[in-house]
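Structure file data-v4.cif (mmCIF, C-alpha atoms) follows.
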```cif
data_input
loop_
_atom_site.label_atom_id
_atom_site.label_comp_id
_atom_site.auth_asym_id
_atom_site.auth_seq_id
_atom_site.Cartn_x
_atom_site.Cartn_y
_atom_site.Cartn_z
CA MET A 6 137.79 63.54 145.92
CA LEU A 7 135.09 66.17 145.48
CA ILE A 8 132.92 66.40 142.38
CA PRO A 9 131.27 69.79 141.83
CA CYS A 10 127.72 68.82 140.86
CA PRO A 11 126.19 71.55 138.64
CA TYR A 12 123.05 71.50 140.80
CA CYS A 13 124.27 70.66 144.32
CA GLY A 14 127.76 72.13 144.37
CA PRO A 15 130.89 70.29 145.53
CA ARG A 16 130.07 66.95 147.11
CA ASP A 17 132.03 64.01 148.39
CA LEU A 18 132.83 61.14 146.05
CA SER A 19 130.76 58.77 148.22
CA GLU A 20 127.57 60.44 146.94
CA PHE A 21 128.37 59.56 143.33
CA THR A 22 128.17 56.41 141.25
CA TYR A 23 130.55 55.85 138.35
CA GLN A 24 128.73 55.08 135.14
CA GLY A 25 131.51 54.35 132.78
CA ASP A 26 133.70 55.65 130.01
CA ALA A 27 132.14 58.47 128.00
CA ASN A 28 134.55 58.16 125.10
CA ARG A 29 132.73 55.38 123.31
CA THR A 30 129.79 55.67 120.94
CA ARG A 31 127.02 53.13 120.99
CA PRO A 32 126.49 51.61 117.53
CA ASN A 33 123.07 51.84 115.92
CA PRO A 34 120.99 49.24 117.81
CA MET A 35 119.91 47.81 114.42
CA SER A 36 123.53 47.28 113.42
CA ASN A 37 124.92 43.75 112.96
CA ASP A 38 128.48 45.03 112.76
CA GLN A 39 130.24 42.66 115.15
CA SER A 40 133.47 44.60 115.25
CA ALA A 41 131.64 47.83 116.10
CA TRP A 42 129.79 46.12 118.96
CA ASN A 43 132.98 44.44 120.13
CA ALA A 44 134.70 47.83 120.22
CA TYR A 45 131.77 49.39 122.09
CA VAL A 46 131.57 46.67 124.71
CA TYR A 47 135.22 45.78 125.27
CA GLU A 48 137.66 48.34 123.93
CA ARG A 49 138.76 51.22 126.13
CA VAL A 50 141.26 53.98 125.45
CA ASN A 51 142.70 53.64 128.98
CA THR A 52 143.65 57.30 129.09
CA ALA A 53 146.56 58.51 131.19
CA GLY A 54 145.36 62.09 131.65
CA ASP A 55 142.04 63.81 131.02
CA HIS A 56 139.32 61.21 130.75
CA ARG A 57 135.68 61.73 129.81
CA GLU A 58 133.35 59.70 131.97
CA PHE A 59 129.77 59.52 133.18
CA TRP A 60 128.81 59.77 136.83
CA GLN A 61 125.46 59.88 138.58
CA HIS A 62 124.90 61.97 141.69
CA SER A 63 123.02 59.01 143.12
CA GLY A 64 123.23 60.20 146.73
CA GLY A 65 122.02 63.69 145.88
CA CYS A 66 120.02 65.22 143.03
CA ARG A 67 120.33 61.98 141.03
CA ALA A 68 121.36 63.84 137.87
CA HIS A 69 123.58 62.10 135.35
CA LEU A 70 126.80 64.00 134.81
CA ALA A 71 129.47 64.18 132.12
CA VAL A 72 132.79 64.63 133.90
CA VAL A 73 136.33 65.18 132.65
CA ARG A 74 138.72 63.80 135.26
CA SER A 75 142.47 63.43 135.14
CA THR A 76 143.27 59.79 135.76
CA LEU A 77 146.75 60.87 136.90
CA THR A 78 145.77 63.40 139.58
CA HIS A 79 141.99 62.87 140.08
CA GLU A 80 141.55 66.56 139.33
CA ILE A 81 138.06 67.24 138.03
CA LYS A 82 138.46 69.43 134.94
CA SER A 83 134.81 69.93 134.06
CA VAL A 84 131.33 68.77 135.01
CA ALA A 85 128.09 69.22 133.10
CA PHE A 86 124.68 67.59 133.00
CA ALA A 87 125.04 64.58 130.71
CA ARG A 88 121.88 65.51 128.81
CA GLU A 89 123.39 68.87 127.87
CA VAL A 90 126.61 67.41 126.48
CA ALA A 91 126.09 66.52 122.85
CA LYS A 92 128.13 63.49 121.89
CA MET B 11 91.91 60.00 154.27
CA VAL B 12 93.95 57.07 155.50
CA GLU B 13 95.53 57.81 158.85
CA ILE B 14 99.28 58.37 158.61
CA VAL B 15 100.96 56.07 161.13
CA SER B 16 104.37 57.02 162.43
CA PRO B 17 107.15 54.47 161.88
CA LEU B 18 108.93 56.06 164.86
CA GLU B 19 106.12 55.33 167.30
CA PRO B 20 107.67 52.40 169.27
CA ASP B 21 110.86 54.41 169.85
CA TYR B 22 109.49 57.94 170.06
CA HIS B 23 110.03 58.82 173.72
CA ARG B 24 108.97 62.33 174.57
CA GLY B 25 111.02 64.15 177.17
CA ALA B 26 114.62 65.05 177.92
CA HIS B 27 117.43 62.60 177.23
CA GLY B 28 121.20 62.31 177.06
CA ASN B 29 123.69 64.68 178.60
CA ARG B 30 121.86 66.78 181.19
CA ASP B 31 124.73 69.20 181.89
CA GLY B 32 123.31 72.50 180.72
CA GLY B 33 119.99 71.13 179.48
CA SER B 34 119.08 70.20 175.91
CA ALA B 35 121.00 71.78 173.06
CA VAL B 36 118.88 70.01 170.44
CA THR B 37 115.16 69.35 170.09
CA LEU B 38 113.98 66.51 167.87
CA SER B 39 110.42 66.12 166.66
CA GLU B 40 108.43 64.35 164.01
CA THR B 41 106.42 67.02 162.21
CA GLN B 42 103.92 64.64 160.53
CA PRO B 43 102.84 66.78 157.57
CA GLY B 44 99.48 65.88 156.06
CA SER B 45 100.91 66.18 152.57
CA ILE B 46 104.38 65.52 151.15
CA VAL B 47 104.28 65.87 147.39
CA GLN B 48 107.03 65.55 144.81
CA LEU B 49 106.70 67.51 141.59
CA ALA B 50 108.73 66.98 138.43
CA ALA B 51 108.50 69.36 135.48
CA TRP B 52 108.78 68.26 131.88
CA PRO B 53 111.78 69.84 130.11
CA GLY B 54 111.22 73.57 129.65
CA GLN B 55 108.33 73.73 132.13
CA ASP B 56 110.33 74.66 135.25
CA GLY B 57 109.10 78.24 135.38
CA ALA B 58 105.47 77.27 134.82
CA MET B 59 105.70 74.66 137.57
CA ARG B 60 107.15 77.14 140.05
CA ALA B 61 104.44 79.66 139.15
CA LEU B 62 101.81 77.01 139.79
CA VAL B 63 103.30 76.15 143.19
CA LYS B 64 103.00 79.83 144.04
CA THR B 65 99.37 79.95 142.91
CA VAL B 66 98.40 76.88 144.94
CA THR B 67 100.50 77.31 148.09
CA GLY B 68 101.59 80.95 148.04
CA LEU B 69 105.22 79.84 148.28
CA ASP B 70 107.52 81.75 145.95
CA LEU B 71 110.35 79.61 144.56
CA ASP B 72 113.14 81.14 142.54
CA ALA B 73 115.10 79.31 139.85
CA ALA B 74 118.32 78.81 141.80
CA PRO B 75 119.31 75.23 142.66
CA GLY B 76 117.95 74.23 146.07
CA ALA B 77 115.85 77.39 146.40
CA GLY B 78 112.95 77.08 148.79
CA ALA B 79 110.29 78.91 150.73
CA VAL B 80 108.68 78.34 154.11
CA ASP B 81 105.64 79.66 155.89
CA GLU B 82 103.88 78.62 159.09
CA SER B 83 102.17 75.49 157.79
CA SER B 84 103.84 74.69 154.47
CA ALA B 85 107.19 74.52 152.75
CA ALA B 86 108.56 73.92 149.27
CA PHE B 87 112.03 73.53 147.82
CA GLY B 88 113.93 72.33 144.80
CA PHE B 89 116.09 69.27 145.40
CA ALA B 90 117.14 68.32 141.86
CA PRO B 91 116.93 69.83 138.37
CA GLY B 92 113.23 70.28 137.59
CA ARG B 93 112.09 68.62 140.83
CA TRP B 94 110.52 70.04 143.95
CA LEU B 95 109.11 68.81 147.23
CA VAL B 96 105.99 70.57 148.51
CA VAL B 97 104.92 69.95 152.10
CA ASP B 98 101.78 71.04 153.90
CA GLN B 99 100.23 70.22 157.26
CA ILE B 100 96.89 69.95 155.45
CA GLU B 101 96.03 66.64 153.76
CA GLY B 102 95.02 66.41 150.12
CA LEU B 103 97.58 68.74 148.55
CA ALA B 104 98.56 66.11 145.96
CA GLU B 105 95.01 66.00 144.56
CA THR B 106 94.85 69.78 144.35
CA LEU B 107 98.18 69.95 142.54
CA ARG B 108 97.35 67.02 140.26
CA GLU B 109 94.17 68.75 139.08
CA LYS B 110 96.03 71.96 138.28
CA ILE B 111 99.12 70.39 136.74
CA GLY B 112 97.31 67.99 134.43
CA ASN B 113 99.45 66.29 131.81
CA ASP B 114 101.17 69.30 130.32
CA LEU B 115 103.47 70.58 133.04
CA GLY B 116 104.89 67.47 134.61
CA THR B 117 104.17 64.83 137.20
CA VAL B 118 102.85 64.73 140.77
CA CYS B 119 103.86 62.00 143.18
CA ASP B 120 102.13 61.79 146.56
CA LEU B 121 104.78 60.76 149.11
CA SER B 122 102.75 61.65 152.22
CA HIS B 123 102.93 58.05 153.47
CA GLY B 124 106.34 57.38 151.98
CA ARG B 125 108.49 59.89 153.82
CA THR B 126 108.99 60.70 157.47
CA ALA B 127 109.65 64.33 158.38
CA ILE B 128 111.93 65.02 161.33
CA ALA B 129 112.75 68.49 162.63
CA VAL B 130 116.13 69.07 164.26
CA GLU B 131 116.21 72.34 166.15
CA GLY B 132 118.49 74.07 168.61
CA GLU B 133 121.89 75.61 169.12
CA LYS B 134 123.65 72.31 168.31
CA ALA B 135 121.49 71.40 165.29
CA GLU B 136 124.26 72.32 162.83
CA ARG B 137 126.82 70.34 164.83
CA LEU B 138 124.56 67.30 165.09
CA LEU B 139 123.87 67.19 161.36
CA SER B 140 127.57 67.70 160.62
CA LYS B 141 128.14 64.31 162.25
CA PHE B 142 125.87 62.75 159.63
CA TYR B 143 126.50 64.56 156.37
CA ALA B 144 129.58 65.90 154.56
CA LEU B 145 127.92 69.29 154.05
CA ASP B 146 128.56 72.81 155.28
CA PHE B 147 125.61 73.59 157.57
CA SER B 148 126.69 77.15 158.43
CA LEU B 149 124.07 79.82 157.82
CA ALA B 150 126.20 81.45 155.10
CA ALA B 151 126.56 78.23 153.09
CA PHE B 152 123.07 76.93 153.82
CA PRO B 153 120.67 79.91 154.11
CA VAL B 154 117.20 79.72 155.60
CA ALA B 155 114.59 78.14 153.27
CA THR B 156 117.15 76.53 150.96
CA ALA B 157 117.49 72.77 150.69
CA LYS B 158 120.00 70.08 149.86
CA SER B 159 119.66 66.47 148.86
CA THR B 160 122.22 64.14 150.28
CA ALA B 161 122.56 60.70 151.84
CA HIS B 162 123.75 59.20 155.08
CA HIS B 163 125.02 55.79 154.11
CA ASP B 164 122.01 54.53 152.12
CA VAL B 165 119.45 56.75 153.82
CA PHE B 166 118.68 59.34 151.17
CA THR B 167 117.75 62.59 152.91
CA LEU B 168 116.25 65.88 151.81
CA ILE B 169 117.21 68.67 154.19
CA GLN B 170 115.58 72.09 154.27
CA ARG B 171 116.76 74.80 156.63
CA THR B 172 113.52 76.21 158.03
CA GLY B 173 115.09 78.54 160.59
CA ALA B 174 118.45 79.88 161.73
CA ASP B 175 118.83 76.86 164.01
CA ARG B 176 116.23 74.52 162.58
CA PHE B 177 116.39 71.90 159.83
CA ASP B 178 113.58 69.70 158.48
CA LEU B 179 114.73 66.28 157.29
CA TYR B 180 112.76 64.00 154.97
CA VAL B 181 113.79 60.35 154.97
CA TYR B 182 112.26 57.18 153.54
CA ARG B 183 109.76 55.89 156.08
CA SER B 184 111.18 52.35 155.89
CA PHE B 185 114.56 53.69 157.07
CA ALA B 186 113.08 56.24 159.45
CA ARG B 187 113.18 54.27 162.69
CA SER B 188 116.77 53.14 162.15
CA PHE B 189 117.71 56.73 161.28
CA TRP B 190 115.89 57.95 164.38
CA HIS B 191 117.90 55.60 166.61
CA LEU B 192 121.12 56.98 165.17
CA LEU B 193 119.90 60.57 165.44
CA CYS B 194 119.03 60.13 169.12
CA ALA B 195 122.31 58.36 169.88
CA SER B 196 124.27 61.09 168.11
CA ALA B 197 122.39 63.80 170.03
CA GLU B 198 123.16 62.27 173.44
CA GLU B 199 126.39 64.19 173.89
CA PHE B 200 124.54 67.51 173.52
CA GLY B 201 121.48 66.56 175.55
CA TYR B 202 118.23 66.47 173.57
CA THR B 203 114.50 66.81 174.00
CA VAL B 204 111.95 64.85 172.00
CA GLU B 205 108.80 66.91 171.54
#
```

Now, as a test, write the supplied structure out as structure tokens.
Amino acid sequence: MLIPCPYCGPRDLSEFTYQGDANRTRPNPMSNDQSAWNAYVYERVNTAGDHREFWQHSGGCRAHLAVVRSTLTHEIKSVAFAREVAK
Amino acid sequence: MVEIVSPLEPDYHRGAHGNRDGGSAVTLSETQPGSIVQLAAWPGQDGAMRALVKTVTGLDLDAAPGAGAVDESSAAFGFAPGRWLVVDQIEGLAETLREKIGNDLGTVCDLSHGRTAIAVEGEKAERLLSKFYALDFSLAAFPVATAKSTAHHDVFTLIQRTGADRFDLYVYRSFARSFWHLLCASAEEFGYTVE
């Protein structure tokens, strides 16, 4: 699988580190809402299809990336710098 | 200045090695720059940082990812968004840059003792590096003066093409000797000279 890094261009999967599901929203750190924290920590949508996820190009430019990947085909639909993707 | 000691020294054997049919197709050397400096620009200060690099070193960097510049004794290139490596044979470049950059543009990190610079040169340089990295080393895909950041297993490497058949590699000094062993072993089939 190749991931087209916005800075480095297409690179092999082995240069990247998966950083988790990008579909969840972190609750306000001051929040005591147990169900919100439970959902953030444990609940996943388990998408069959296009999945938003974070990756880091750890073996390259080290940028954090927001990737949309099909979990069915591993096709990479889009890649952007994570800092530029407003959640 | 503190003397920069080569981590390759015990295994740096000058001369011709490996396959001797047809001589050496690759030349390996440690370039031992006096200064290896990493610059990082604060958000929005990329252009100002590149302009400052030009003022201090004369090296003109454009905004494209991996863009670089080389002259006889110095080199500079981008290796990540808002980050550059500036290399000079002269010591003390980090202090010069730190004075000019101050606190407004970004940060300066002196890596002169932290990285080992290895030049791979010769007709088989592209082929040799292709054995290490999953990158296209052809001149069209990797033009002279541009750079790429990549890794060979856990040895993070910055690679700048400094000539049609020459690449300068920057690796962590703690991994450098192990990397050097592998580089020499991989170059045996082509025949190589250590300068």

Env of A:Asn28: 10 Å cut, atoms = all atoms listed in the file, seq-sep filter 3 positions within chain, self excluded. Answer as a PyMOL selection string.
chain A and resi 25+31+45+49-50+52+56-59+92

Go through chain A residue by residue and, counting all atoms listed in the file, keep those with an atom at most 6 Å from chain B; for each kept residue give the shortest atom pair and its distance in Å to one decimal, ordered by chain and increasing number, as JSON lines.
```
{"residue": "A:Tyr12", "atom": "CA", "partner": "B:Pro75", "partner_atom": "CA", "distance": 5.6}
{"residue": "A:Gly64", "atom": "CA", "partner": "B:Ala161", "partner_atom": "CA", "distance": 5.2}
{"residue": "A:Gly65", "atom": "CA", "partner": "B:Thr160", "partner_atom": "CA", "distance": 4.4}
{"residue": "A:Cys66", "atom": "CA", "partner": "B:Ala90", "partner_atom": "CA", "distance": 4.4}
```

State, in Å with one decimal place, the distance from atom CA of B:Phe185 to atom CA of B:Glu205.
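One can read the atom CA of B:Phe185 to atom CA of B:Glu205 distance as 20.4 Å.
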
Find the spatial neighbours of stretch 20-33 of chain B, counting all atoms listed in the file, within a cut-off of 9 Å - ignore same-chain residues fewer than 3 positions away - and output them as a ChimeraX atom specification.
/B:16-17,37,39-40,187,190-191,194-195,197-205

How far is it from atom CA of B:Trp52 to atom CA of B:Trp94, in Å with one decimal?
12.3 Å

Taking 6 positions as the minimum chain separation for residues in the same chain, which residues sit within 10 Å of B:Ile100 when counting only C-alpha atoms? Answer as an mmCIF file with C-alpha atoms, in the frame of the given file.
```cif
data_model
loop_
_atom_site.group_PDB
_atom_site.id
_atom_site.type_symbol
_atom_site.label_atom_id
_atom_site.label_comp_id
_atom_site.auth_asym_id
_atom_site.auth_seq_id
_atom_site.Cartn_x
_atom_site.Cartn_y
_atom_site.Cartn_z
ATOM 1 C CA PRO B 43 102.840 66.780 157.570
ATOM 2 C CA GLY B 44 99.480 65.880 156.060
ATOM 3 C CA SER B 45 100.910 66.180 152.570
ATOM 4 C CA ILE B 46 104.380 65.520 151.150
ATOM 5 C CA SER B 83 102.170 75.490 157.790
ATOM 6 C CA SER B 84 103.840 74.690 154.470
#
```

Kindly resolve the PyMOL selection byres ((chain B and resi 117) around 8) on the present coordinates and return the residues as a PyMOL selection string.
chain B and resi 49-52+108+111+113+115-116+118-119

For B:Glu133, work out the shell of residues within 8 Å, counting only C-alpha atoms and skipping chain neighbours fewer than 4 positions away, then give it as a PDB file with C-alpha atoms, keeping the file's coordinate frame.
```pdb
ATOM      1  CA  ALA B  35     121.000  71.780 173.060  1.00  0.00           C
ATOM      2  CA  VAL B  36     118.880  70.010 170.440  1.00  0.00           C
ATOM      3  CA  ASP B 175     118.830  76.860 164.010  1.00  0.00           C
TER       4      ASP B 175
END
```

One-decimal distance in Å that lies between atom CA of A:Gly54 and atom CA of A:Ser75
4.7 Å

What's around B:Asp178 at 7 Å? Count all atoms listed in the file, leave out sequence neighbours fewer than 5 positions away in its own chain, and write the answer as a PyMOL selection string.
chain B and resi 127-130+169-172

My list of candidates is B:Leu139, B:Leu121, B:Val63, B:Val97. Which is closest to B:Leu192 when distances are computed with all atoms listed in the file?
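When distances to B:Leu192 are compared using all atoms listed in the file, the smallest one comes from B:Leu139.
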
I'd like to see the residues matched by the PyMOL selection byres ((chain A and resi 80) around 10) on this file, and ideally I'd get them as a ChimeraX atom specification.
/A:6-8,54-55,73-79,81-83

Picked residues, the PyMOL selection byres ((chain B and resi 85) around 9), expected as a PyMOL selection string
chain B and resi 67+69+78-84+86-87+95-98+155+170+172

Which residue, B:Gly124, B:Thr106, B:Arg137, B:Ala150, has the smallest gap to B:Val15 when you use only C-alpha atoms?
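Of B:Gly124, B:Thr106, B:Arg137, B:Ala150, the one nearest B:Val15, counting only C-alpha atoms, is B:Gly124.
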
So, counting all atoms listed in the file, which residue among A:Met35, A:Leu18, A:Ala27, A:Ala44 is closest to A:Val90?
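Going through A:Met35, A:Leu18, A:Ala27, A:Ala44 one by one, the smallest distance to A:Val90 is for A:Ala27.
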
Restricting the calculation to all atoms listed in the file, which member of B:Thr156, B:Ser140, B:Ser122, B:Ser148 is positioned closest to B:Ala104?
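The shortest atom-to-atom distance to B:Ala104 comes from B:Ser122.
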
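Among B:Val181, B:Gln48, B:Leu62, B:Gly173, the residue with the shortest atom-to-atom distance to B:Glu109, counting all atoms listed in the file, is B:Leu62.
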
Could you give me the centre and size, in Å to one decimal, of an axis-aligned box around all listed atoms of stretch 169-175 of chain B with 6 Å added on every side, as lines of an AutoDock Vina configuration file?
```
center_x = 116.2
center_y = 74.3
center_z = 159.1
size_x = 17.3
size_y = 23.2
size_z = 21.8
```
